[in-house]
Each structure stands twice: as C-alpha cells, then as structure tokens.
Number of protein chains: 2
Amino acid sequence: MAKQSAQLSEVFYALADPTRRAIVSALGRGPEAVSVLAAPFAMALPSFLKHLSVLERSGVIRSHKLGRVRTCELVPKTLTPAQRWLAEQRATWESRSERMARFVETLHQEDLSRAKRQPRQR
Amino acid sequence: MAKQSAQLSEVFYALADPTRRAIVSALGRGPEAVSVLAAPFAMALPSFLKHLSVLERSGVIRSHKLGRVRTCELVPKTLTPAQRWLAEQRATWESRSERMARFVETLHQEDLSRAKRQPRQR
C-alpha cells in the first residue's frame with residue numbers, strides 16, 4: 001500500500017512538467033530514439049536527459065540501448081493508478097453532490113406542501 | 001494554452017504527495033475546518049499548512065475564514081483537465097495498439113495463405 005502510494009506520487013510528479021508530458025504524448029505514438037525524441041525541444045541535451053530520467057524512475061517510460069542508440073518506450077499501465085485515483089475522487093464528490101441535490105429537493109418539496117396547507121393571505 | 005499547461009503542472013505537482021492526496025479525498029466528502037482536517041495526520045501544523053498552501057495555489061482546494069475558523073473545500077473542476085489529459089494518452093496509445101494488432105493479424109493471414117500455396121514437402 002505504502003509502495004503503491006509512493007509510486008503514485010512519482011507518477012504524478014513525473015507528469016508535473018510540460019516537457020515530460022510532451023515526451024509521454026510523443027511515446028504514446030510508439031517507441032523512439034532519444035535523439036529523435038529530443039529534436040523538437042529547444043533544450044540542451046543534459047536537461048532533456050534529466051527529464052527522461054525522472055520519467056524512467058517513475059516507471060512511466062523505460063529505455064534500452066542497442067549499439068549507440070538508446071530507445072525509449074511508454075509503459076502505459078503505470079498511468080492506470082493515476083487515472084483510477086482521479087476517477088475515485090470524482091465518484092466520491094459526485095455521490096456527495098447527488099445527496100446534496102436530493103436534500104435540497106426534499107426541503108423544496110416540504111416548503112411547497114407547507115405553502116399549500118397555509119395559503120398566503122391576499 | 002501555456003497557462004492551461006502551467007495549471008496542469010501545478011495540479012499534478014499538488015497530487016504528487018500522499019498527504020495532499022489524503023486531504024483531497026477527505027474534502028471530497030465535504031468542506032472541513034483546517035483543525036478537523038489536520039487531526040488524523042501525525043504531522044506538525046506548519047507542515048500541514050504548507051501542504052494546504054500547495055493545494056490552494058494549484059486551485060484544487062480553496063479556503064475561507066469565518067471568525068477564527070478557516071474552512072477548506074475541494075474545487076472538483078480543477079481535477080478535470082488532469083483526468084482528461086490521462087484519458088487522451090490512453091486513447092492515443094490504445095489506437096496505436098489496435099493498429100499494431102491489425103498489422104500483426106495481416107502478416108499472420110499472409111503467412112497462412114502463403115503456406116497454403118506452397119505446401120511443406122514431406
């Protein structure tokens with residue numbers, strides 16, 4: 001449980017940066033060599049590699065080296081717990097909103113029936 | 001666009017901590033006074049307040065003070081872009097997986113028809 005929570009923190013942290021999110025989006029279309037992946041970013045390679053390392057540590061991507069070419073790929077299942085966590089929060093909050101709406105509706109109906117029993121004087 | 005991306009980064013950063021996620025979960029059940037919210041956490045109040053301040057800066061929660069009581073509440077709509085971003089990544093990746101599966105299936109069918117045309121010699 002603690003381990004899952006720590007992993008979830010790392011995934012959210014990895015996604016808390018526009019460059020890293022752009023890398024995830026790019027890798028969603030398929031594995032890519034680091035040099036190709038880095039090309040569209042106006043950024044020095046060491047900075048870019050740091051972003052890759054944060055993503056790799058979180059498990060969101062993995063890489064392997066063949067000869068002199070390092071290739072990165074997305075590990076989509078690592079995003080699932082983050083998506084699930086957000087969906088759970090929405091479910092909690094929406095069920096609360098529905099209870100609130102029903103409560104307000106009940107009060108409204110009570111007001112209406114009270115108004116019928118005691119018609120306003122003209 | 002840049003502003004939306006910066007907000008998304010702040011939201012993901014806010015969620016990259018187990019205490020802050022627990023606060024979001026608690027507030028999903030309804031607004032709460034800071035003192036009540038802090039009670040279950042084995043943490044000094046200043047540290048707790050720092051977490052609240054990260055959440056408030058990201059827009060995920062807001063607070064107001066009435067007399068001496070500060071009350072926090074969730075702002076659920078701020079979680080929507082994070083959920084949408086994750087869903088988009090899944091959609092990209094799943095459409096790629098489907099294309100890959102169809103491609104592999106095509107290769108397999110071609111192999112089968114080639115095997116039929118050229119039966120293996122006994």
# chains A, B, ... in the order shown; residues from 1 in each chain; ligands from 1
$ residues_around --residues "Cys72 in chain B" --least-positions-apart "4" --cutoff "10 Å" --atoms "only C-alpha atoms" --output "number ranges by chain"
B: 23, 27, 30-34, 37, 52, 56, 61-65
$ interface_residues --of "chain B" --to "chain A" --cutoff "8 Å" --atoms "only C-alpha atoms" --output "JSON, numbers by chain"
{"B": [5, 6, 8, 9, 10, 11, 12, 13, 15, 16, 17, 18, 24, 25, 28, 29, 30, 76, 79, 83, 86, 87, 89, 90, 92, 93, 96]}
$ select_by_dssp --residues "range 44-119 of chain B" --states "helix (DSSP H, G or I)" --output "PyMOL selection string"
chain B and resi 45-58+76-117
$ calpha_fit_and_write --fixed "chain A" --moving "chain B" --output "mmCIF file with C-alpha atoms, in the first residue's frame"
data_model
loop_
_atom_site.group_PDB
_atom_site.id
_atom_site.type_symbol
_atom_site.label_atom_id
_atom_site.label_comp_id
_atom_site.auth_asym_id
_atom_site.auth_seq_id
_atom_site.Cartn_x
_atom_site.Cartn_y
_atom_site.Cartn_z
ATOM 1 C CA MET B 1 -0.078 0.100 -0.007
ATOM 2 C CA ALA B 2 2.699 2.543 1.010
ATOM 3 C CA LYS B 3 4.666 1.392 -2.035
ATOM 4 C CA GLN B 4 1.673 1.970 -4.332
ATOM 5 C CA SER B 5 1.177 5.414 -2.832
ATOM 6 C CA ALA B 6 4.863 6.275 -3.332
ATOM 7 C CA GLN B 7 4.638 5.106 -6.971
ATOM 8 C CA LEU B 8 1.519 7.202 -7.502
ATOM 9 C CA SER B 9 3.373 10.234 -6.112
ATOM 10 C CA GLU B 10 6.254 9.606 -8.521
ATOM 11 C CA VAL B 11 3.904 9.280 -11.492
ATOM 12 C CA PHE B 12 2.038 12.522 -10.646
ATOM 13 C CA TYR B 13 5.393 14.252 -10.086
ATOM 14 C CA ALA B 14 6.665 12.976 -13.450
ATOM 15 C CA LEU B 15 3.577 14.458 -15.154
ATOM 16 C CA ALA B 16 3.963 17.832 -13.405
ATOM 17 C CA ASP B 17 6.088 19.253 -16.209
ATOM 18 C CA PRO B 18 5.115 20.234 -19.781
ATOM 19 C CA THR B 19 8.267 18.743 -21.364
ATOM 20 C CA ARG B 20 7.752 15.421 -19.623
ATOM 21 C CA ARG B 21 4.071 15.368 -20.638
ATOM 22 C CA ALA B 22 5.095 16.084 -24.253
ATOM 23 C CA ILE B 23 7.533 13.151 -24.104
ATOM 24 C CA VAL B 24 4.757 10.856 -22.809
ATOM 25 C CA SER B 25 2.468 12.032 -25.644
ATOM 26 C CA ALA B 26 5.201 11.420 -28.246
ATOM 27 C CA LEU B 27 5.939 7.916 -26.919
ATOM 28 C CA GLY B 28 2.213 7.100 -27.002
ATOM 29 C CA ARG B 29 2.654 6.951 -30.793
ATOM 30 C CA GLY B 30 5.455 4.372 -30.458
ATOM 31 C CA PRO B 31 9.010 3.827 -29.130
ATOM 32 C CA GLU B 32 11.592 6.378 -30.197
ATOM 33 C CA ALA B 33 15.368 6.947 -30.094
ATOM 34 C CA VAL B 34 16.432 9.602 -27.575
ATOM 35 C CA SER B 35 17.982 11.796 -30.301
ATOM 36 C CA VAL B 36 14.751 11.794 -32.353
ATOM 37 C CA LEU B 37 12.671 12.362 -29.227
ATOM 38 C CA ALA B 38 14.841 15.313 -28.153
ATOM 39 C CA ALA B 39 14.877 17.046 -31.564
ATOM 40 C CA PRO B 40 11.618 19.074 -31.258
ATOM 41 C CA PHE B 41 12.597 20.478 -27.846
ATOM 42 C CA ALA B 42 14.557 23.743 -27.641
ATOM 43 C CA MET B 43 16.589 22.389 -24.755
ATOM 44 C CA ALA B 44 20.179 21.323 -24.046
ATOM 45 C CA LEU B 45 20.566 17.538 -24.140
ATOM 46 C CA PRO B 46 21.589 17.211 -20.426
ATOM 47 C CA SER B 47 18.349 18.955 -19.349
ATOM 48 C CA PHE B 48 16.368 16.705 -21.670
ATOM 49 C CA LEU B 49 18.080 13.618 -20.275
ATOM 50 C CA LYS B 50 17.158 14.740 -16.737
ATOM 51 C CA HIS B 51 13.489 14.791 -17.752
ATOM 52 C CA LEU B 52 13.847 11.296 -19.245
ATOM 53 C CA SER B 53 15.453 10.115 -16.015
ATOM 54 C CA VAL B 54 12.514 11.444 -13.906
ATOM 55 C CA LEU B 55 10.092 9.658 -16.242
ATOM 56 C CA GLU B 56 12.107 6.438 -16.127
ATOM 57 C CA ARG B 57 12.388 6.496 -12.319
ATOM 58 C CA SER B 58 8.593 6.850 -12.059
ATOM 59 C CA GLY B 59 8.180 3.810 -14.325
ATOM 60 C CA VAL B 60 6.158 5.797 -16.893
ATOM 61 C CA ILE B 61 8.802 5.076 -19.546
ATOM 62 C CA ARG B 62 11.611 2.559 -19.906
ATOM 63 C CA SER B 63 14.634 2.554 -22.194
ATOM 64 C CA HIS B 64 17.181 0.139 -23.606
ATOM 65 C CA LYS B 65 20.424 0.641 -25.467
ATOM 66 C CA LEU B 66 21.324 -1.150 -28.672
ATOM 67 C CA GLY B 67 24.802 -0.243 -29.874
ATOM 68 C CA ARG B 68 25.006 3.527 -29.555
ATOM 69 C CA VAL B 69 21.265 4.155 -29.761
ATOM 70 C CA ARG B 70 19.110 4.436 -26.640
ATOM 71 C CA THR B 71 15.412 3.872 -27.356
ATOM 72 C CA CYS B 72 12.588 4.911 -25.012
ATOM 73 C CA GLU B 73 9.114 3.447 -24.791
ATOM 74 C CA LEU B 74 5.982 4.226 -22.805
ATOM 75 C CA VAL B 75 4.824 1.809 -20.070
ATOM 76 C CA PRO B 76 1.099 2.643 -20.316
ATOM 77 C CA LYS B 77 -0.033 0.528 -17.351
ATOM 78 C CA THR B 78 1.871 2.848 -14.961
ATOM 79 C CA LEU B 79 -0.621 5.619 -15.830
ATOM 80 C CA THR B 80 -3.622 3.476 -14.827
ATOM 81 C CA PRO B 81 -3.409 4.042 -11.018
ATOM 82 C CA ALA B 82 -3.281 7.827 -11.582
ATOM 83 C CA GLN B 83 -6.346 7.652 -13.827
ATOM 84 C CA ARG B 84 -8.118 5.384 -11.311
ATOM 85 C CA TRP B 85 -7.314 7.713 -8.398
ATOM 86 C CA LEU B 86 -8.798 10.710 -10.231
ATOM 87 C CA ALA B 87 -11.892 8.679 -11.193
ATOM 88 C CA GLU B 88 -12.380 7.672 -7.545
ATOM 89 C CA GLN B 89 -12.273 11.304 -6.417
ATOM 90 C CA ARG B 90 -14.879 12.187 -9.028
ATOM 91 C CA ALA B 91 -17.115 9.312 -7.902
ATOM 92 C CA THR B 92 -16.913 10.407 -4.232
ATOM 93 C CA TRP B 93 -17.625 13.996 -5.086
ATOM 94 C CA GLU B 94 -20.436 13.225 -7.537
ATOM 95 C CA SER B 95 -22.228 10.935 -5.081
ATOM 96 C CA ARG B 96 -22.017 13.766 -2.517
ATOM 97 C CA SER B 97 -23.407 16.256 -5.072
ATOM 98 C CA GLU B 98 -26.308 13.902 -5.797
ATOM 99 C CA ARG B 99 -27.084 13.504 -2.093
ATOM 100 C CA MET B 100 -26.980 17.307 -1.741
ATOM 101 C CA ALA B 101 -29.308 17.758 -4.735
ATOM 102 C CA ARG B 102 -31.795 15.217 -3.312
ATOM 103 C CA PHE B 103 -31.659 16.969 0.081
ATOM 104 C CA VAL B 104 -32.339 20.395 -1.483
ATOM 105 C CA GLU B 105 -35.175 18.875 -3.523
ATOM 106 C CA THR B 106 -36.710 17.416 -0.318
ATOM 107 C CA LEU B 107 -36.564 20.825 1.398
ATOM 108 C CA HIS B 108 -38.187 22.409 -1.648
ATOM 109 C CA GLN B 109 -41.024 19.833 -1.665
ATOM 110 C CA GLU B 110 -41.596 20.397 2.065
ATOM 111 C CA ASP B 111 -41.787 24.160 1.476
ATOM 112 C CA LEU B 112 -44.338 23.641 -1.306
ATOM 113 C CA SER B 113 -46.606 21.396 0.785
ATOM 114 C CA ARG B 114 -46.361 23.792 3.744
ATOM 115 C CA ALA B 115 -47.332 26.693 1.443
ATOM 116 C CA LYS B 116 -50.371 24.690 0.275
ATOM 117 C CA ARG B 117 -51.487 23.991 3.847
ATOM 118 C CA GLN B 118 -51.058 27.622 4.904
ATOM 119 C CA PRO B 119 -52.132 29.790 1.921
ATOM 120 C CA ARG B 120 -50.701 33.283 2.034
ATOM 121 C CA GLN B 121 -53.243 35.878 3.256
ATOM 122 C CA ARG B 122 -54.293 38.470 0.663
#
